[in-house]
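Shown next: query17.txt, containing compact mmCIF, C-alpha atoms and all ligand atoms.
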```txt
# COMPACT_ATOMS: atom_id res chain seq x y z
CA MET A 192 16.02 -40.79 -23.57
CA THR A 193 14.67 -44.33 -23.20
CA THR A 194 16.93 -47.12 -21.91
CA GLN A 195 17.02 -48.50 -25.45
CA SER A 196 18.16 -45.22 -26.98
CA VAL A 197 20.79 -44.74 -24.24
CA GLN A 198 22.13 -48.22 -25.00
CA ASN A 199 22.15 -47.43 -28.73
CA PHE A 200 23.98 -44.16 -28.07
CA ILE A 201 26.65 -45.98 -26.03
CA LYS A 202 26.99 -48.65 -28.72
CA ILE A 203 27.48 -46.11 -31.53
CA HIS A 204 29.85 -44.05 -29.40
CA GLN A 205 31.93 -47.09 -28.46
CA SER A 206 32.16 -48.29 -32.06
CA ASN A 207 33.40 -44.83 -33.09
CA ILE A 208 36.11 -44.94 -30.44
CA ILE A 209 37.22 -48.38 -31.63
CA LYS A 210 37.21 -47.22 -35.25
CA ASP A 211 39.33 -44.14 -34.46
CA PHE A 212 41.76 -46.23 -32.48
CA ASP A 213 42.08 -48.65 -35.39
CA ILE A 214 42.99 -46.01 -37.96
CA MET A 215 46.57 -46.55 -39.07
CA ARG A 216 48.55 -43.73 -40.65
CA LEU A 217 51.89 -45.21 -41.52
CA ILE A 218 55.05 -44.54 -43.45
CA LEU A 219 57.52 -47.15 -44.67
CA LEU A 220 61.22 -46.29 -44.63
CA GLY A 221 64.05 -48.37 -46.04
CA PRO A 222 66.71 -48.38 -48.74
CA PRO A 223 65.97 -49.39 -52.35
CA GLY A 224 65.19 -53.11 -52.47
CA ALA A 225 64.56 -53.35 -48.71
CA GLY A 226 61.12 -54.83 -49.32
CA LYS A 227 58.89 -51.75 -48.83
CA GLY A 228 56.60 -52.50 -51.78
CA THR A 229 56.44 -56.20 -50.91
CA GLN A 230 55.46 -55.55 -47.29
CA ALA A 231 53.17 -52.65 -48.22
CA LEU A 232 50.75 -54.99 -49.99
CA SER A 233 50.29 -57.16 -46.87
CA ILE A 234 50.17 -54.22 -44.43
CA ALA A 235 47.59 -52.36 -46.54
CA LYS A 236 45.43 -55.49 -46.64
CA GLU A 237 45.82 -56.20 -42.91
CA PHE A 238 44.76 -52.69 -41.85
CA ASN A 239 42.44 -52.02 -44.79
CA ILE A 240 44.23 -48.83 -45.80
CA PRO A 241 45.31 -47.47 -49.20
CA HIS A 242 48.92 -48.15 -50.26
CA ILE A 243 50.43 -44.94 -51.61
CA SER A 244 53.77 -45.37 -53.37
CA THR A 245 55.24 -42.18 -54.84
CA GLY A 246 57.46 -44.38 -57.04
CA ASN A 247 54.39 -46.17 -58.47
CA ILE A 248 52.55 -42.87 -59.02
CA LEU A 249 55.58 -41.41 -60.82
CA ARG A 250 55.94 -44.55 -62.99
CA ALA A 251 52.21 -44.38 -63.88
CA ASN A 252 52.77 -40.75 -64.98
CA ILE A 253 55.70 -41.81 -67.15
CA LYS A 254 53.56 -44.53 -68.75
CA GLN A 255 50.76 -42.04 -69.46
CA GLY A 256 53.23 -39.46 -70.81
CA THR A 257 52.01 -36.67 -68.52
CA GLU A 258 54.02 -33.47 -67.98
CA LEU A 259 55.09 -34.78 -64.56
CA GLY A 260 56.12 -38.11 -66.13
CA LEU A 261 58.23 -36.34 -68.75
CA LYS A 262 60.02 -34.37 -66.03
CA ALA A 263 60.54 -37.42 -63.81
CA LYS A 264 61.72 -40.03 -66.35
CA SER A 265 65.38 -39.10 -66.81
CA ILE A 266 65.78 -38.29 -63.10
CA MET A 267 64.44 -41.71 -62.07
CA ASP A 268 66.51 -43.51 -64.70
CA SER A 269 69.64 -41.93 -63.27
CA GLY A 270 68.76 -42.92 -59.68
CA LEU A 271 68.36 -39.38 -58.36
CA LEU A 272 65.37 -37.95 -56.49
CA VAL A 273 62.54 -36.11 -58.20
CA PRO A 274 62.38 -32.49 -56.86
CA ASP A 275 60.58 -32.14 -53.51
CA ASN A 276 57.94 -29.68 -54.79
CA LEU A 277 56.73 -32.11 -57.50
CA VAL A 278 56.46 -34.99 -55.05
CA MET A 279 54.74 -32.88 -52.40
CA GLU A 280 52.00 -31.92 -54.85
CA ILE A 281 51.29 -35.59 -55.61
CA VAL A 282 51.13 -36.55 -51.93
CA GLU A 283 49.05 -33.60 -50.77
CA ASP A 284 46.42 -34.30 -53.46
CA ARG A 285 46.40 -38.01 -52.68
CA LEU A 286 46.03 -37.58 -48.90
CA LYS A 287 42.96 -35.39 -49.40
CA GLN A 288 41.10 -38.18 -51.20
CA ASP A 289 38.26 -39.85 -49.35
CA ASP A 290 39.83 -43.30 -48.94
CA CYS A 291 42.62 -41.77 -46.78
CA LYS A 292 40.05 -40.95 -44.08
CA ARG A 293 40.41 -44.53 -42.84
CA GLY A 294 44.23 -44.20 -42.74
CA PHE A 295 47.04 -44.72 -45.25
CA LEU A 296 50.40 -46.30 -45.86
CA LEU A 297 53.04 -44.13 -47.53
CA ASP A 298 55.74 -46.17 -49.29
CA GLY A 299 58.91 -44.41 -50.44
CA PHE A 300 57.76 -41.07 -49.08
CA PRO A 301 59.04 -38.94 -47.40
CA ARG A 302 62.57 -39.25 -48.74
CA THR A 303 64.16 -36.01 -47.58
CA ILE A 304 63.94 -33.92 -44.42
CA VAL A 305 62.17 -31.21 -46.46
CA GLN A 306 59.50 -33.75 -47.51
CA ALA A 307 59.11 -34.96 -43.92
CA GLU A 308 58.63 -31.42 -42.63
CA SER A 309 56.16 -30.61 -45.41
CA LEU A 310 54.24 -33.80 -44.59
CA ASP A 311 54.06 -32.73 -40.94
CA ASN A 312 52.56 -29.40 -42.07
CA ILE A 313 49.97 -31.10 -44.28
CA LEU A 314 48.96 -33.50 -41.48
CA GLU A 315 48.72 -30.63 -39.01
CA LYS A 316 46.38 -28.77 -41.39
CA LEU A 317 44.25 -31.92 -41.67
CA ASN A 318 44.36 -32.27 -37.87
CA ILE A 319 45.78 -35.80 -37.99
CA SER A 320 49.12 -37.41 -37.15
CA LEU A 321 51.19 -40.47 -38.05
CA ASN A 322 50.97 -43.59 -35.86
CA PHE A 323 54.25 -45.20 -36.92
CA ALA A 324 57.25 -44.89 -39.17
CA ILE A 325 58.27 -48.46 -40.03
CA ASN A 326 61.94 -48.78 -40.83
CA ILE A 327 62.89 -51.93 -42.77
CA GLN A 328 66.56 -52.39 -41.97
CA VAL A 329 68.63 -54.23 -44.61
CA ASP A 330 72.42 -54.16 -45.07
CA THR A 331 73.64 -52.39 -48.18
CA SER A 332 75.47 -55.56 -49.31
CA VAL A 333 72.24 -57.43 -50.21
CA LEU A 334 70.35 -54.54 -51.81
CA VAL A 335 71.82 -54.69 -55.31
CA GLU A 336 71.05 -58.41 -55.66
CA ARG A 337 67.48 -57.83 -54.44
CA ALA A 338 66.79 -54.97 -56.84
CA VAL A 339 68.53 -56.43 -59.90
CA GLY A 340 66.65 -59.75 -59.52
CA ARG A 341 63.24 -58.09 -59.11
CA ARG A 342 60.59 -58.80 -61.75
CA ILE A 343 57.18 -57.13 -61.89
CA CYS A 344 53.96 -58.21 -63.60
CA LYS A 345 52.95 -55.84 -66.40
CA GLU A 346 49.27 -56.56 -65.80
CA CYS A 347 48.68 -56.73 -62.02
CA GLY A 348 51.92 -55.25 -60.60
CA ALA A 349 52.80 -58.33 -58.50
CA THR A 350 56.48 -58.34 -57.50
CA TYR A 351 58.75 -61.38 -57.77
CA HIS A 352 62.43 -62.13 -57.44
CA THR A 353 64.31 -64.45 -59.79
CA ILE A 354 65.94 -66.22 -56.80
CA PHE A 355 64.18 -65.24 -53.55
CA ASN A 356 60.58 -65.22 -54.75
CA PRO A 357 60.28 -66.68 -58.26
CA SER A 358 56.96 -66.81 -60.08
CA LYS A 359 55.62 -70.35 -60.40
CA GLY A 360 54.80 -69.33 -63.98
CA GLY A 361 58.45 -68.71 -64.90
CA ASP A 362 58.62 -65.44 -66.86
CA VAL A 363 54.87 -64.89 -66.60
CA CYS A 364 52.88 -63.93 -63.48
CA GLU A 365 51.55 -66.87 -61.46
CA LEU A 366 48.47 -64.85 -60.53
CA CYS A 367 47.31 -63.47 -63.88
CA SER A 368 49.71 -64.84 -66.55
CA GLY A 369 50.84 -61.27 -67.34
CA LYS A 370 54.37 -60.80 -68.70
CA LEU A 371 57.07 -60.01 -66.13
CA TYR A 372 59.40 -57.05 -66.72
CA GLN A 373 62.40 -55.45 -65.08
CA ARG A 374 62.28 -51.80 -63.97
CA PRO A 375 64.66 -49.61 -66.03
CA ASP A 376 66.31 -48.36 -62.80
CA ASP A 377 66.97 -51.93 -61.56
CA ASN A 378 70.43 -52.26 -63.11
CA GLU A 379 73.57 -52.42 -61.01
CA LYS A 380 74.80 -48.90 -61.82
CA THR A 381 71.50 -47.12 -61.08
CA VAL A 382 70.79 -49.19 -57.97
CA SER A 383 74.22 -48.23 -56.57
CA LYS A 384 73.39 -44.57 -57.20
CA ARG A 385 69.97 -44.99 -55.53
CA ILE A 386 71.67 -46.50 -52.46
CA GLU A 387 74.10 -43.56 -52.32
CA VAL A 388 71.19 -41.11 -52.52
CA TYR A 389 69.33 -43.07 -49.83
CA ILE A 390 72.29 -42.84 -47.45
CA SER A 391 72.75 -39.09 -47.88
CA GLU A 392 69.13 -37.90 -48.29
CA THR A 393 66.77 -40.44 -46.74
CA ALA A 394 68.60 -42.24 -43.91
CA PRO A 395 68.51 -39.05 -41.74
CA LEU A 396 64.72 -39.58 -41.52
CA ILE A 397 65.35 -42.51 -39.15
CA GLY A 398 66.57 -40.03 -36.53
CA TYR A 399 63.79 -37.59 -37.43
CA TYR A 400 61.05 -40.12 -36.62
CA GLN A 401 62.93 -41.55 -33.65
CA GLN A 402 62.80 -38.06 -32.15
CA GLN A 403 59.05 -37.97 -32.77
CA GLY A 404 58.80 -41.26 -30.84
CA ILE A 405 57.04 -43.17 -33.63
CA LEU A 406 59.89 -45.18 -35.16
CA VAL A 407 59.70 -48.99 -35.20
CA THR A 408 62.50 -50.99 -36.81
CA ILE A 409 62.25 -54.46 -38.31
CA ASP A 410 65.05 -56.75 -39.44
CA GLY A 411 64.49 -56.98 -43.20
CA HIS A 412 66.95 -59.87 -43.72
CA GLN A 413 64.32 -62.40 -42.64
CA SER A 414 61.95 -64.12 -45.07
CA ILE A 415 59.15 -62.03 -46.58
CA SER A 416 56.52 -63.66 -44.34
CA LYS A 417 58.63 -63.32 -41.18
CA VAL A 418 59.21 -59.60 -41.86
CA PHE A 419 55.46 -59.11 -42.20
CA GLU A 420 54.71 -61.06 -39.00
CA GLY A 421 57.24 -58.86 -37.18
CA ILE A 422 55.71 -55.64 -38.50
CA ALA A 423 52.16 -56.73 -37.65
CA LYS A 424 53.27 -57.59 -34.09
CA LEU A 425 55.03 -54.25 -33.61
CA LEU A 426 52.01 -52.29 -34.80
CA ARG A 427 49.53 -54.26 -32.70
CA ARG A 428 51.66 -54.10 -29.55
CA ASN A 429 52.39 -50.39 -29.56
P1 LIG A 501 60.70 -46.32 -55.57
O1 LIG A 501 59.82 -46.96 -56.54
O2 LIG A 501 60.15 -45.90 -54.26
O3 LIG A 501 61.97 -47.25 -55.35
P2 LIG A 501 62.94 -47.49 -54.10
O4 LIG A 501 62.72 -46.69 -52.89
O5 LIG A 501 64.30 -47.39 -54.68
O6 LIG A 501 62.57 -48.84 -53.58
P3 LIG A 501 62.27 -50.09 -54.41
O7 LIG A 501 60.89 -50.02 -54.97
O8 LIG A 501 63.39 -50.34 -55.38
O9 LIG A 501 62.41 -51.22 -53.30
P4 LIG A 501 61.36 -51.77 -52.25
O10 LIG A 501 61.87 -51.46 -50.90
O11 LIG A 501 59.97 -51.38 -52.60
O12 LIG A 501 61.58 -53.33 -52.49
P5 LIG A 501 60.59 -54.49 -53.04
O13 LIG A 501 59.56 -54.78 -52.03
O14 LIG A 501 60.14 -54.21 -54.43
O15 LIG A 501 61.37 -45.03 -56.23
C1 LIG A 501 61.91 -45.08 -57.52
C2 LIG A 501 62.41 -43.69 -57.94
O16 LIG A 501 61.28 -42.77 -57.96
C3 LIG A 501 63.42 -43.04 -56.99
O17 LIG A 501 64.74 -43.44 -57.28
C4 LIG A 501 63.17 -41.55 -57.27
O18 LIG A 501 63.79 -41.14 -58.45
C5 LIG A 501 61.65 -41.49 -57.48
N1 LIG A 501 60.91 -41.22 -56.23
C6 LIG A 501 60.01 -42.04 -55.61
N2 LIG A 501 59.55 -41.49 -54.49
C7 LIG A 501 60.18 -40.28 -54.37
C8 LIG A 501 60.13 -39.27 -53.40
N3 LIG A 501 59.36 -39.35 -52.30
N4 LIG A 501 60.92 -38.17 -53.59
C9 LIG A 501 61.70 -38.04 -54.69
N5 LIG A 501 61.81 -38.99 -55.63
C10 LIG A 501 61.04 -40.11 -55.48
O19 LIG A 501 61.64 -55.70 -53.05
C11 LIG A 501 62.77 -55.72 -53.88
C12 LIG A 501 63.05 -57.16 -54.35
O20 LIG A 501 63.46 -57.95 -53.23
C13 LIG A 501 61.82 -57.87 -54.94
O21 LIG A 501 62.22 -58.67 -55.99
C14 LIG A 501 61.28 -58.73 -53.77
O22 LIG A 501 60.64 -59.91 -54.22
C15 LIG A 501 62.57 -59.04 -53.00
N6 LIG A 501 62.34 -59.12 -51.55
C16 LIG A 501 61.54 -58.33 -50.79
N7 LIG A 501 61.60 -58.68 -49.49
C17 LIG A 501 62.48 -59.73 -49.42
C18 LIG A 501 62.96 -60.54 -48.35
N8 LIG A 501 62.55 -60.34 -47.08
N9 LIG A 501 63.85 -61.53 -48.65
C19 LIG A 501 64.27 -61.73 -49.95
N10 LIG A 501 63.83 -61.01 -50.98
C20 LIG A 501 62.96 -60.01 -50.74
MG MG A 502 59.04 -50.16 -54.07
ZN ZN A 503 50.02 -60.48 -62.58
```
With the file now loaded, output its structure as structure tokens.
Amino acid sequence: MTTQSVQNFIKIHQSNIIKDFDIMRLILLGPPGAGKGTQALSIAKEFNIPHISTGNILRANIKQGTELGLKAKSIMDSGLLVPDNLVMEIVEDRLKQDDCKRGFLLDGFPRTIVQAESLDNILEKLNISLNFAINIQVDTSVLVERAVGRRICKECGATYHTIFNPSKGGDVCELCSGKLYQRPDDNEKTVSKRIEVYISETAPLIGYYQQQGILVTIDGHQSISKVFEGIAKLLRRN
């Protein structure tokens, strides 16, 4: 090997190491209305990784009237969880897609211990592991107000809040002028049910990931930008 080719070899090798180190495989935990979707957009952009929300995928299936959507609709409207096997199929297929090779951010998944264990099995088969489980901690008392006031753009999916993050366009999106709508499960009764389900089914995952040594917790009562700054710092420091 010439000196030039040795130098090139080192350069390529070093850049691969840096790339591998930079890959972020993340999950976002938190109760309904904690700010997972809001933060996911900024985190996905910051680390250049796909944002995978099982809730969004299920809602897209409902919109398209697929078999999965038909099964999921009434369950989601009542605030309960879609059966683990249906959700696992969605996630396994999604994680095998090419864009996940550079990392991923799972939002709203896993939601049960069974889902977390199945995810561990999938990752083991793919010979990869999670870097962090980010837990957005928000007191139950503010969750209903957050969810009930949420408005979403029909066209681009941007999320607003009537009080905490209003669109400058009023009832249309400030980014694309699309109409804003309210999710059917964002009424007080269903949100309360979703919180109940979170406490019994999903909150145990905090301990699960703490035991794996990958849990980071952020105070979700701060402003949207402060929460993001905090998350970015935690991920860069660890
Ligand atoms: P999903 O869509 O995942 O809903 P969720 O977990 O209930 O969470 P949300 O989307 O309501 O809240 P978020 O944390 O994303 O908050 P956001 O950022 O929008 O799931 C819906 C349903 O699908 C489930 O009930 C279930 O049936 C089914 N499902 C999905 N995944 C499943 C799975 N893995 N297994 C089984 N079933 C599954 O913020 C909320 C509002 O607050 C917004 O208006 C926002 O502007 C505002 N806000 C955000 N951050 C702040 C802040 N820091 N300060 C003030 N306001 C803020
Ligand atoms: Mg969400
Ligand atoms: Zn829009």
Is it possible to get the residues within 10 Å of (62.2, -34.0, -46.3) (coordinates as in the file, counting all atoms listed in the file) written as number ranges by chain? A: 275, 279, 300-311, 392-393, 395-396, 399
Quick one: which chain A residues come within 9 Å of ligand MG 502 (chain A), and what is the nearest atom pair for each with the distance in Å to one decimal, counting only C-alpha atoms and all ligand atoms, rows ordered by chain and ascending number, as a tab-separated table?
```
residue	atom	partner	partner_atom	distance
A:Pro223	CA	A:MG502	MG	7.2
A:Gly224	CA	A:MG502	MG	7.0
A:Ala225	CA	A:MG502	MG	8.3
A:Gly226	CA	A:MG502	MG	7.0
A:Lys227	CA	A:MG502	MG	5.5
A:Gly228	CA	A:MG502	MG	4.1
A:Thr229	CA	A:MG502	MG	7.3
A:Ala231	CA	A:MG502	MG	8.7
A:Ser244	CA	A:MG502	MG	7.2
A:Thr245	CA	A:MG502	MG	8.9
A:Gly246	CA	A:MG502	MG	6.7
A:Asn247	CA	A:MG502	MG	7.5
A:Asp298	CA	A:MG502	MG	7.0
A:Gly299	CA	A:MG502	MG	6.8
```
Quick one: everything within 10 Å of range 313-325 of chain A, counting only C-alpha atoms, minus sequence neighbours fewer than 3 positions away in the same chain. Send it as an MDAnalysis selection string. chainID A and resid 214:221 227 279 282:283 286:287 292 294:298 307:310 328 396:397 399:401 403:409 422 425:426 429
Would you write out those residues with C-alpha atoms, as an mmCIF file, in the coordinates of the input?
```cif
data_model
loop_
_atom_site.group_PDB
_atom_site.id
_atom_site.type_symbol
_atom_site.label_atom_id
_atom_site.label_comp_id
_atom_site.auth_asym_id
_atom_site.auth_seq_id
_atom_site.Cartn_x
_atom_site.Cartn_y
_atom_site.Cartn_z
ATOM 1 C CA ILE A 214 42.990 -46.010 -37.960
ATOM 2 C CA MET A 215 46.570 -46.550 -39.070
ATOM 3 C CA ARG A 216 48.550 -43.730 -40.650
ATOM 4 C CA LEU A 217 51.890 -45.210 -41.520
ATOM 5 C CA ILE A 218 55.050 -44.540 -43.450
ATOM 6 C CA LEU A 219 57.520 -47.150 -44.670
ATOM 7 C CA LEU A 220 61.220 -46.290 -44.630
ATOM 8 C CA GLY A 221 64.050 -48.370 -46.040
ATOM 9 C CA LYS A 227 58.890 -51.750 -48.830
ATOM 10 C CA MET A 279 54.740 -32.880 -52.400
ATOM 11 C CA VAL A 282 51.130 -36.550 -51.930
ATOM 12 C CA GLU A 283 49.050 -33.600 -50.770
ATOM 13 C CA LEU A 286 46.030 -37.580 -48.900
ATOM 14 C CA LYS A 287 42.960 -35.390 -49.400
ATOM 15 C CA LYS A 292 40.050 -40.950 -44.080
ATOM 16 C CA GLY A 294 44.230 -44.200 -42.740
ATOM 17 C CA PHE A 295 47.040 -44.720 -45.250
ATOM 18 C CA LEU A 296 50.400 -46.300 -45.860
ATOM 19 C CA LEU A 297 53.040 -44.130 -47.530
ATOM 20 C CA ASP A 298 55.740 -46.170 -49.290
ATOM 21 C CA ALA A 307 59.110 -34.960 -43.920
ATOM 22 C CA GLU A 308 58.630 -31.420 -42.630
ATOM 23 C CA SER A 309 56.160 -30.610 -45.410
ATOM 24 C CA LEU A 310 54.240 -33.800 -44.590
ATOM 25 C CA GLN A 328 66.560 -52.390 -41.970
ATOM 26 C CA LEU A 396 64.720 -39.580 -41.520
ATOM 27 C CA ILE A 397 65.350 -42.510 -39.150
ATOM 28 C CA TYR A 399 63.790 -37.590 -37.430
ATOM 29 C CA TYR A 400 61.050 -40.120 -36.620
ATOM 30 C CA GLN A 401 62.930 -41.550 -33.650
ATOM 31 C CA GLN A 403 59.050 -37.970 -32.770
ATOM 32 C CA GLY A 404 58.800 -41.260 -30.840
ATOM 33 C CA ILE A 405 57.040 -43.170 -33.630
ATOM 34 C CA LEU A 406 59.890 -45.180 -35.160
ATOM 35 C CA VAL A 407 59.700 -48.990 -35.200
ATOM 36 C CA THR A 408 62.500 -50.990 -36.810
ATOM 37 C CA ILE A 409 62.250 -54.460 -38.310
ATOM 38 C CA ILE A 422 55.710 -55.640 -38.500
ATOM 39 C CA LEU A 425 55.030 -54.250 -33.610
ATOM 40 C CA LEU A 426 52.010 -52.290 -34.800
ATOM 41 C CA ASN A 429 52.390 -50.390 -29.560
#
```
All residues 12 Å or closer to Asp362 in chain A, all atoms listed in the file, same chain fewer than 5 positions away omitted, as a PDB file with C-alpha atoms, in the frame of the given file:
```pdb
ATOM      1  CA  ARG A 341      63.240 -58.090 -59.110  1.00  0.00           C
ATOM      2  CA  ARG A 342      60.590 -58.800 -61.750  1.00  0.00           C
ATOM      3  CA  ILE A 343      57.180 -57.130 -61.890  1.00  0.00           C
ATOM      4  CA  CYS A 344      53.960 -58.210 -63.600  1.00  0.00           C
ATOM      5  CA  LYS A 345      52.950 -55.840 -66.400  1.00  0.00           C
ATOM      6  CA  THR A 350      56.480 -58.340 -57.500  1.00  0.00           C
ATOM      7  CA  TYR A 351      58.750 -61.380 -57.770  1.00  0.00           C
ATOM      8  CA  HIS A 352      62.430 -62.130 -57.440  1.00  0.00           C
ATOM      9  CA  THR A 353      64.310 -64.450 -59.790  1.00  0.00           C
ATOM     10  CA  PRO A 357      60.280 -66.680 -58.260  1.00  0.00           C
ATOM     11  CA  CYS A 367      47.310 -63.470 -63.880  1.00  0.00           C
ATOM     12  CA  SER A 368      49.710 -64.840 -66.550  1.00  0.00           C
ATOM     13  CA  GLY A 369      50.840 -61.270 -67.340  1.00  0.00           C
ATOM     14  CA  LYS A 370      54.370 -60.800 -68.700  1.00  0.00           C
ATOM     15  CA  LEU A 371      57.070 -60.010 -66.130  1.00  0.00           C
ATOM     16  CA  TYR A 372      59.400 -57.050 -66.720  1.00  0.00           C
ATOM     17  CA  GLN A 373      62.400 -55.450 -65.080  1.00  0.00           C
TER      18      GLN A 373
END
```
Calculated over only C-alpha atoms, which of the candidates A:Lys254, A:Leu249, A:Val329, A:Ser383 has the smallest distance to Met267 in chain A? A:Leu249
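Here CA of Arg337 in chain A stands at a distance of 21.6 Å from CA of Ile243 in chain A.
Interatomic distance, atom O7 of ligand LIG 501 (chain A) to CA of Ala338 in chain A: 7.9 Å.
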I'd like to know which of A:Arg427, A:Lys236, A:His412, A:Arg285 is closest to Thr331 in chain A, using all atoms listed in the file. A:His412
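Going from atom O14 of ligand LIG 501 (chain A) to CA of Gly256 in chain A covers 23.1 Å.
Among A:Glu420, A:Glu336, A:Glu365, A:Glu258, the residue with the shortest atom-to-atom distance to ligand ZN 503 (chain A), counting all atoms listed in the file, is A:Glu365.
Of the residues under consideration (A:Asn378, A:Ser391, A:Ser358, A:Gln413), A:Ser358 shows the shortest atom-to-atom contact distance to ligand ZN 503 (chain A) when counting all atoms listed in the file.
Counting all atoms listed in the file, the residue from A:Gln255, A:Arg293, A:Glu387, A:Val363 that sits nearest to ligand LIG 501 (chain A) is A:Glu387.
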Would you mind telling me which residue in A:Glu346, A:Asp213, A:Asp284, A:Asp290 lies nearest to ligand ZN 503 (chain A) when using all atoms listed in the file? A:Glu346
